[in-house]
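Structure below is target.cif: mmCIF, N, CA and C atoms.
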```cif
data_target
loop_
_atom_site.label_atom_id
_atom_site.label_comp_id
_atom_site.auth_asym_id
_atom_site.auth_seq_id
_atom_site.Cartn_x
_atom_site.Cartn_y
_atom_site.Cartn_z
N MET A 20 51.63 106.91 212.25
CA MET A 20 53.02 106.71 211.85
C MET A 20 53.89 107.70 212.61
N PRO A 21 55.01 107.25 213.20
CA PRO A 21 55.87 108.15 213.94
C PRO A 21 56.61 109.11 213.00
N GLN A 22 57.00 110.22 213.56
CA GLN A 22 57.78 111.17 212.78
C GLN A 22 59.25 111.02 213.14
N PHE A 23 60.11 111.28 212.17
CA PHE A 23 61.54 111.15 212.37
C PHE A 23 62.20 112.44 211.94
N LEU A 24 63.33 112.74 212.55
CA LEU A 24 64.11 113.90 212.15
C LEU A 24 64.85 113.54 210.87
N LEU A 25 64.54 114.24 209.82
CA LEU A 25 65.13 113.95 208.51
C LEU A 25 65.79 115.19 207.95
N LYS A 26 66.77 114.98 207.12
CA LYS A 26 67.37 116.09 206.38
C LYS A 26 66.60 116.23 205.07
N THR A 27 66.17 117.42 204.77
CA THR A 27 65.51 117.66 203.50
C THR A 27 66.56 117.83 202.42
N LYS A 28 66.13 117.92 201.18
CA LYS A 28 67.07 118.07 200.07
C LYS A 28 67.88 119.36 200.21
N SER A 29 67.32 120.34 200.89
CA SER A 29 68.05 121.59 201.08
C SER A 29 69.06 121.49 202.21
N GLY A 30 69.05 120.34 202.94
CA GLY A 30 70.01 120.14 204.02
C GLY A 30 69.49 120.57 205.38
N LYS A 31 68.27 121.11 205.44
CA LYS A 31 67.70 121.55 206.71
C LYS A 31 67.00 120.38 207.40
N ASN A 32 67.03 120.40 208.73
CA ASN A 32 66.30 119.39 209.49
C ASN A 32 64.81 119.65 209.39
N SER A 33 64.03 118.59 209.33
CA SER A 33 62.59 118.74 209.27
C SER A 33 61.94 117.65 210.12
N THR A 34 61.17 118.06 211.11
CA THR A 34 60.45 117.09 211.93
C THR A 34 58.98 117.03 211.53
N ASN A 35 58.55 117.91 210.66
CA ASN A 35 57.14 117.93 210.29
C ASN A 35 56.83 117.11 209.04
N LEU A 36 57.83 116.47 208.45
CA LEU A 36 57.61 115.63 207.29
C LEU A 36 57.74 114.17 207.70
N LEU A 37 56.78 113.37 207.33
CA LEU A 37 56.85 111.94 207.62
C LEU A 37 57.86 111.29 206.69
N ALA A 38 58.46 110.23 207.18
CA ALA A 38 59.46 109.52 206.36
C ALA A 38 58.87 109.11 205.03
N SER A 39 57.61 108.65 205.03
CA SER A 39 56.99 108.22 203.78
C SER A 39 56.83 109.39 202.81
N GLU A 40 56.67 110.60 203.33
CA GLU A 40 56.56 111.78 202.47
C GLU A 40 57.91 112.15 201.87
N GLN A 41 58.98 111.71 202.48
CA GLN A 41 60.32 111.98 201.98
C GLN A 41 60.76 110.95 200.95
N GLY A 42 59.93 109.94 200.69
CA GLY A 42 60.28 108.91 199.72
C GLY A 42 61.20 107.85 200.27
N VAL A 43 61.28 107.72 201.60
CA VAL A 43 62.13 106.71 202.22
C VAL A 43 61.44 105.36 202.09
N LYS A 44 62.20 104.35 201.65
CA LYS A 44 61.66 103.00 201.54
C LYS A 44 62.14 102.19 202.73
N TRP A 45 61.19 101.72 203.52
CA TRP A 45 61.53 100.93 204.69
C TRP A 45 61.58 99.47 204.32
N GLN A 46 62.50 98.75 204.93
CA GLN A 46 62.66 97.32 204.73
C GLN A 46 61.94 96.62 205.87
N LYS A 47 60.90 95.83 205.55
CA LYS A 47 60.24 95.05 206.60
C LYS A 47 61.19 93.94 206.99
N MET A 48 61.53 93.92 208.25
CA MET A 48 62.54 92.98 208.71
C MET A 48 61.89 91.78 209.38
N ASN A 49 62.33 90.60 208.99
CA ASN A 49 61.88 89.37 209.63
C ASN A 49 62.65 89.19 210.93
N LYS A 50 62.06 88.46 211.85
CA LYS A 50 62.73 88.19 213.13
C LYS A 50 63.93 87.26 212.94
N LYS A 51 63.80 86.29 212.04
CA LYS A 51 64.86 85.32 211.77
C LYS A 51 65.50 85.62 210.43
N GLY A 52 66.78 85.38 210.34
CA GLY A 52 67.49 85.57 209.08
C GLY A 52 68.11 86.94 208.98
N CYS A 53 69.33 86.98 208.49
CA CYS A 53 70.06 88.23 208.35
C CYS A 53 69.54 89.03 207.15
N PRO A 54 69.17 90.30 207.34
CA PRO A 54 68.68 91.10 206.22
C PRO A 54 69.79 91.56 205.28
N ILE A 55 71.04 91.34 205.67
CA ILE A 55 72.16 91.72 204.82
C ILE A 55 72.51 90.60 203.85
N CYS A 56 72.68 89.38 204.38
CA CYS A 56 73.18 88.29 203.55
C CYS A 56 72.22 87.11 203.41
N GLY A 57 71.15 87.08 204.20
CA GLY A 57 70.18 86.00 204.09
C GLY A 57 70.47 84.77 204.92
N PHE A 58 71.53 84.79 205.73
CA PHE A 58 71.86 83.64 206.57
C PHE A 58 70.71 83.39 207.54
N LYS A 59 70.21 82.15 207.56
CA LYS A 59 68.99 81.84 208.31
C LYS A 59 69.23 81.58 209.79
N GLU A 60 70.44 81.25 210.17
CA GLU A 60 70.72 80.83 211.55
C GLU A 60 71.02 82.00 212.48
N ILE A 61 70.21 83.04 212.42
CA ILE A 61 70.35 84.19 213.31
C ILE A 61 68.97 84.77 213.59
N THR A 62 68.78 85.19 214.82
CA THR A 62 67.55 85.88 215.21
C THR A 62 67.91 87.35 215.38
N VAL A 63 67.36 88.23 214.55
CA VAL A 63 67.74 89.64 214.58
C VAL A 63 66.79 90.50 215.39
N LEU A 64 65.55 90.03 215.56
CA LEU A 64 64.56 90.76 216.38
C LEU A 64 63.94 89.80 217.37
N ASP A 65 63.70 90.29 218.59
CA ASP A 65 63.08 89.44 219.60
C ASP A 65 61.54 89.54 219.50
N ASP A 66 60.84 88.95 220.44
CA ASP A 66 59.37 88.95 220.42
C ASP A 66 58.77 90.33 220.58
N PHE A 67 59.55 91.30 221.05
CA PHE A 67 59.07 92.67 221.22
C PHE A 67 59.51 93.58 220.08
N ASN A 68 60.04 92.95 219.02
CA ASN A 68 60.52 93.66 217.82
C ASN A 68 61.74 94.53 218.12
N CYS A 69 62.51 94.14 219.13
CA CYS A 69 63.75 94.84 219.46
C CYS A 69 64.93 94.04 218.92
N THR A 70 66.00 94.74 218.57
CA THR A 70 67.17 94.06 218.04
C THR A 70 67.81 93.18 219.11
N THR A 71 68.44 92.10 218.67
CA THR A 71 69.02 91.11 219.59
C THR A 71 70.52 91.31 219.80
N PHE A 72 71.15 92.12 218.97
CA PHE A 72 72.59 92.34 219.02
C PHE A 72 73.38 91.06 218.73
N GLU A 73 72.75 90.13 218.01
CA GLU A 73 73.46 88.93 217.56
C GLU A 73 74.30 89.30 216.34
N ILE A 74 75.43 88.63 216.22
CA ILE A 74 76.33 88.85 215.09
C ILE A 74 76.16 87.70 214.11
N CYS A 75 75.97 88.04 212.85
CA CYS A 75 75.77 87.04 211.81
C CYS A 75 77.10 86.34 211.50
N ASP A 76 77.08 85.01 211.56
CA ASP A 76 78.29 84.24 211.23
C ASP A 76 78.67 84.39 209.76
N SER A 77 77.71 84.65 208.92
CA SER A 77 77.97 84.73 207.50
C SER A 77 78.65 86.05 207.13
N CYS A 78 78.02 87.18 207.43
CA CYS A 78 78.55 88.48 206.98
C CYS A 78 79.19 89.32 208.09
N GLY A 79 78.97 88.94 209.34
CA GLY A 79 79.58 89.66 210.46
C GLY A 79 78.83 90.89 210.91
N CYS A 80 77.65 91.15 210.36
CA CYS A 80 76.88 92.32 210.76
C CYS A 80 76.10 92.04 212.04
N GLU A 81 76.03 93.05 212.89
CA GLU A 81 75.38 92.90 214.18
C GLU A 81 74.03 93.62 214.19
N SER A 82 73.01 92.86 214.54
CA SER A 82 71.66 93.43 214.69
C SER A 82 71.69 94.45 215.82
N GLY A 83 71.23 95.65 215.54
CA GLY A 83 71.23 96.70 216.54
C GLY A 83 72.44 97.62 216.46
N VAL A 84 73.44 97.23 215.66
CA VAL A 84 74.63 98.07 215.49
C VAL A 84 74.70 98.54 214.05
N GLU A 85 74.91 97.60 213.10
CA GLU A 85 74.95 98.00 211.68
C GLU A 85 73.57 98.32 211.13
N TYR A 86 72.56 97.69 211.66
CA TYR A 86 71.19 97.90 211.20
C TYR A 86 70.24 97.63 212.36
N ASP A 87 69.02 98.12 212.20
CA ASP A 87 67.98 97.83 213.19
C ASP A 87 66.63 97.77 212.50
N GLN A 88 65.57 97.66 213.28
CA GLN A 88 64.24 97.45 212.72
C GLN A 88 63.74 98.65 211.90
N SER A 89 64.38 99.79 212.00
CA SER A 89 63.95 100.94 211.22
C SER A 89 64.92 101.29 210.09
N SER A 90 65.83 100.38 209.77
CA SER A 90 66.77 100.63 208.67
C SER A 90 66.04 100.67 207.34
N THR A 91 66.50 101.55 206.49
CA THR A 91 65.90 101.66 205.16
C THR A 91 66.49 100.60 204.23
N GLU A 92 65.80 100.37 203.16
CA GLU A 92 66.27 99.45 202.13
C GLU A 92 67.63 99.89 201.59
N ASP A 93 67.79 101.18 201.37
CA ASP A 93 69.06 101.71 200.86
C ASP A 93 70.21 101.46 201.83
N HIS A 94 69.95 101.62 203.12
CA HIS A 94 70.97 101.39 204.14
C HIS A 94 71.43 99.92 204.11
N LEU A 95 70.48 99.01 204.05
CA LEU A 95 70.82 97.58 204.02
C LEU A 95 71.59 97.24 202.75
N LYS A 96 71.22 97.85 201.63
CA LYS A 96 71.93 97.61 200.37
C LYS A 96 73.38 98.08 200.45
N LYS A 97 73.62 99.22 201.10
CA LYS A 97 74.99 99.74 201.24
C LYS A 97 75.85 98.79 202.06
N ILE A 98 75.29 98.28 203.14
CA ILE A 98 76.03 97.33 203.97
C ILE A 98 76.32 96.06 203.17
N ARG A 99 75.33 95.58 202.45
CA ARG A 99 75.47 94.37 201.63
C ARG A 99 76.55 94.57 200.56
N LEU A 100 76.54 95.72 199.93
CA LEU A 100 77.54 96.01 198.89
C LEU A 100 78.95 95.98 199.47
N THR A 101 79.12 96.51 200.67
CA THR A 101 80.43 96.47 201.33
C THR A 101 80.87 95.03 201.56
N TRP A 102 79.94 94.20 202.05
CA TRP A 102 80.27 92.79 202.32
C TRP A 102 80.66 92.06 201.03
N VAL A 103 79.92 92.34 199.95
CA VAL A 103 80.18 91.65 198.68
C VAL A 103 81.42 92.22 197.99
N ALA A 104 81.49 93.53 197.82
CA ALA A 104 82.55 94.15 197.02
C ALA A 104 83.88 94.24 197.77
N GLU A 105 83.85 94.65 199.02
CA GLU A 105 85.10 94.87 199.74
C GLU A 105 85.56 93.62 200.50
N ASP A 106 84.61 92.94 201.14
CA ASP A 106 84.95 91.76 201.93
C ASP A 106 84.90 90.47 201.12
N LYS A 107 84.47 90.56 199.87
CA LYS A 107 84.40 89.39 198.96
C LYS A 107 83.57 88.25 199.55
N CYS A 108 82.47 88.61 200.25
CA CYS A 108 81.55 87.63 200.86
C CYS A 108 82.27 86.69 201.82
N LYS A 109 83.24 87.22 202.52
CA LYS A 109 84.03 86.42 203.46
C LYS A 109 83.13 85.86 204.56
N TRP A 110 83.30 84.55 204.89
CA TRP A 110 82.60 83.94 206.02
C TRP A 110 83.18 84.54 207.30
N TRP A 111 82.32 85.07 208.15
CA TRP A 111 82.75 85.82 209.31
C TRP A 111 82.96 84.94 210.55
N GLY A 112 82.15 83.91 210.69
CA GLY A 112 82.20 83.07 211.87
C GLY A 112 83.34 82.07 211.84
N GLU A 113 83.28 81.14 212.78
CA GLU A 113 84.30 80.10 212.84
C GLU A 113 84.08 79.10 211.71
N ASP A 114 85.18 78.56 211.19
CA ASP A 114 85.10 77.62 210.08
C ASP A 114 84.24 76.40 210.41
N LYS A 115 84.26 75.96 211.65
CA LYS A 115 83.46 74.78 212.04
C LYS A 115 81.96 75.04 211.94
N ASP A 116 81.55 76.31 211.95
CA ASP A 116 80.13 76.66 211.86
C ASP A 116 79.68 76.94 210.42
N LYS A 117 80.62 76.96 209.51
CA LYS A 117 80.32 77.26 208.11
C LYS A 117 79.61 76.06 207.48
N PRO A 118 78.41 76.28 206.90
CA PRO A 118 77.68 75.17 206.27
C PRO A 118 78.49 74.57 205.12
N GLN A 119 78.35 73.27 204.98
CA GLN A 119 79.04 72.57 203.90
C GLN A 119 78.53 73.11 202.56
N ASN A 120 79.43 73.32 201.63
CA ASN A 120 79.08 73.87 200.30
C ASN A 120 78.40 75.24 200.39
N TRP A 121 78.78 76.04 201.37
CA TRP A 121 78.19 77.36 201.56
C TRP A 121 78.44 78.24 200.34
N ASN A 122 77.37 78.86 199.85
CA ASN A 122 77.44 79.73 198.69
C ASN A 122 76.70 81.02 199.05
N PRO A 123 77.41 82.12 199.29
CA PRO A 123 76.75 83.36 199.71
C PRO A 123 75.75 83.90 198.69
N TYR A 124 76.02 83.71 197.41
CA TYR A 124 75.11 84.22 196.39
C TYR A 124 73.80 83.40 196.36
N LYS A 125 73.93 82.10 196.51
CA LYS A 125 72.74 81.24 196.58
C LYS A 125 71.95 81.55 197.85
N GLN A 126 72.67 81.81 198.94
CA GLN A 126 72.04 82.17 200.21
C GLN A 126 71.18 83.44 200.06
N MET A 127 71.73 84.45 199.40
CA MET A 127 70.97 85.70 199.18
C MET A 127 69.78 85.43 198.26
N GLU A 128 69.98 84.63 197.24
CA GLU A 128 68.90 84.30 196.30
C GLU A 128 67.76 83.60 197.03
N LEU A 129 68.08 82.61 197.86
CA LEU A 129 67.05 81.86 198.58
C LEU A 129 66.30 82.74 199.57
N ALA A 130 66.98 83.78 200.08
CA ALA A 130 66.35 84.70 201.03
C ALA A 130 65.62 85.84 200.31
N ASP A 131 65.59 85.78 198.98
CA ASP A 131 64.95 86.81 198.16
C ASP A 131 65.59 88.18 198.39
N ILE A 132 66.92 88.16 198.49
CA ILE A 132 67.69 89.39 198.65
C ILE A 132 68.36 89.70 197.33
N GLU A 133 68.21 90.94 196.89
CA GLU A 133 68.82 91.38 195.64
C GLU A 133 70.33 91.44 195.80
N LYS A 134 71.04 90.73 194.95
CA LYS A 134 72.50 90.74 195.02
C LYS A 134 73.03 92.01 194.38
N PRO A 135 74.04 92.62 195.02
CA PRO A 135 74.61 93.86 194.45
C PRO A 135 75.41 93.59 193.19
#
```

Produce structure tokens that represent the structure in this file.
Amino acid sequence: MPQFLLKTKSGKNSTNLLASEQGVKWQKMNKKGCPICGFKEITVLDDFNCTTFEICDSCGCESGVEYDQSSTEDHLKKIRLTWVAEDKCKWWGEDKDKPQNWNPYKQMELADIEKP
């Protein structure tokens, strides 16, 4: 397991502690589907597990910018909360691309994403 530079509870940098030892929960990311809103029509990781920098039509989040393959569960939840609470689940893409009867809450439910 790789080591990451983390801030300890005391605020000091620590490279000798593994992320798992710090209690960080990693989100296993699928290649298809937005991890923020569950929209299925986006590829977020390529065949090499690298971010694609595609922008989700549903929530407007960009793979590789707002999140990446090493984002924590908490990080994804914070982004999702912003989309739901502040942006009111606004459709980000063009209206012509919006699925008929689109329901962001049902979309998250079908993707097994916990709604904030």

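One distance worth recording is that between atom C of Asp106 of chain A and atom N of Ser77 of chain A, which is 12.1 Å.
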
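In this structure, atom CA of Lys96 of chain A sits 12.0 Å away from atom CA of Met127 of chain A.
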
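The shortest atom-to-atom distance to Trp110 of chain A, with only N, CA and C atoms taken into account, belongs to A:Cys75 out of A:Ser90, A:Ile132, A:Cys53, A:Cys75.
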
Next item on the list: List every protein, DNA or RNA residue that has at least one atom no more than 6 Å from (71.8, 90.7, 217.7) in the file's coordinates, counting all atoms listed in the file, and write the result as a list in words.
Entry: Thr62, Val63, Thr70, Thr71, Phe72, Glu73, Ile74, Glu81, Ser82 and Gly83 of chain A

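Here atom CA of Asp131 of chain A is placed at a distance of 13.3 Å from atom CA of Glu92 of chain A.
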
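Residues with any atom within 7 Å of Cys78 of chain A, counting only N, CA and C atoms and excluding same-chain neighbours fewer than 6 positions away, are Cys56, Trp102, Cys108, Lys109, Trp110, Trp111 and Gly112 of chain A.
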
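Only residues having an atom at most 8 Å from (72.9, 94.8, 201.8) are included; using all atoms listed in the file, these are A:Pro54, A:Ile55, A:Cys56, A:Glu92, A:Asp93, A:His94, A:Leu95, A:Lys96, A:Lys97, A:Ile98, A:Arg99, A:Leu100, A:Thr101, A:Trp102, A:Val103, A:Glu133, A:Lys134, A:Pro135.
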
Notebook entry, point to check: Smallest atom-to-atom distance to Ser89 of chain A: which of A:Ala130, A:Met48, A:Glu113, A:Asn120, using only N, CA and C atoms?
Noted result: A:Met48

Please enclose the listed atoms of segment 61-73 of chain A in an axis-aligned box, pad each side by 5 Å, and write out the centre and the three edge lengths in Å, rounded to one decimal, as AutoDock Vina command-line options.
```
--center_x 66.5 --center_y 88.9 --center_z 216.8 --size_x 25.5 --size_y 21.8 --size_z 18.8
```

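Here the question is which of A:Thr91, A:Gly57, A:Glu105, A:Gly79 gets nearest to Glu128 of chain A using only N, CA and C atoms, and that residue is A:Gly57.
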
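Ranking A:Asn68, A:Gln88, A:Leu129, A:Asp76 by their shortest atom-to-atom distance to Lys115 of chain A, with only C-alpha atoms included, puts A:Asp76 first.
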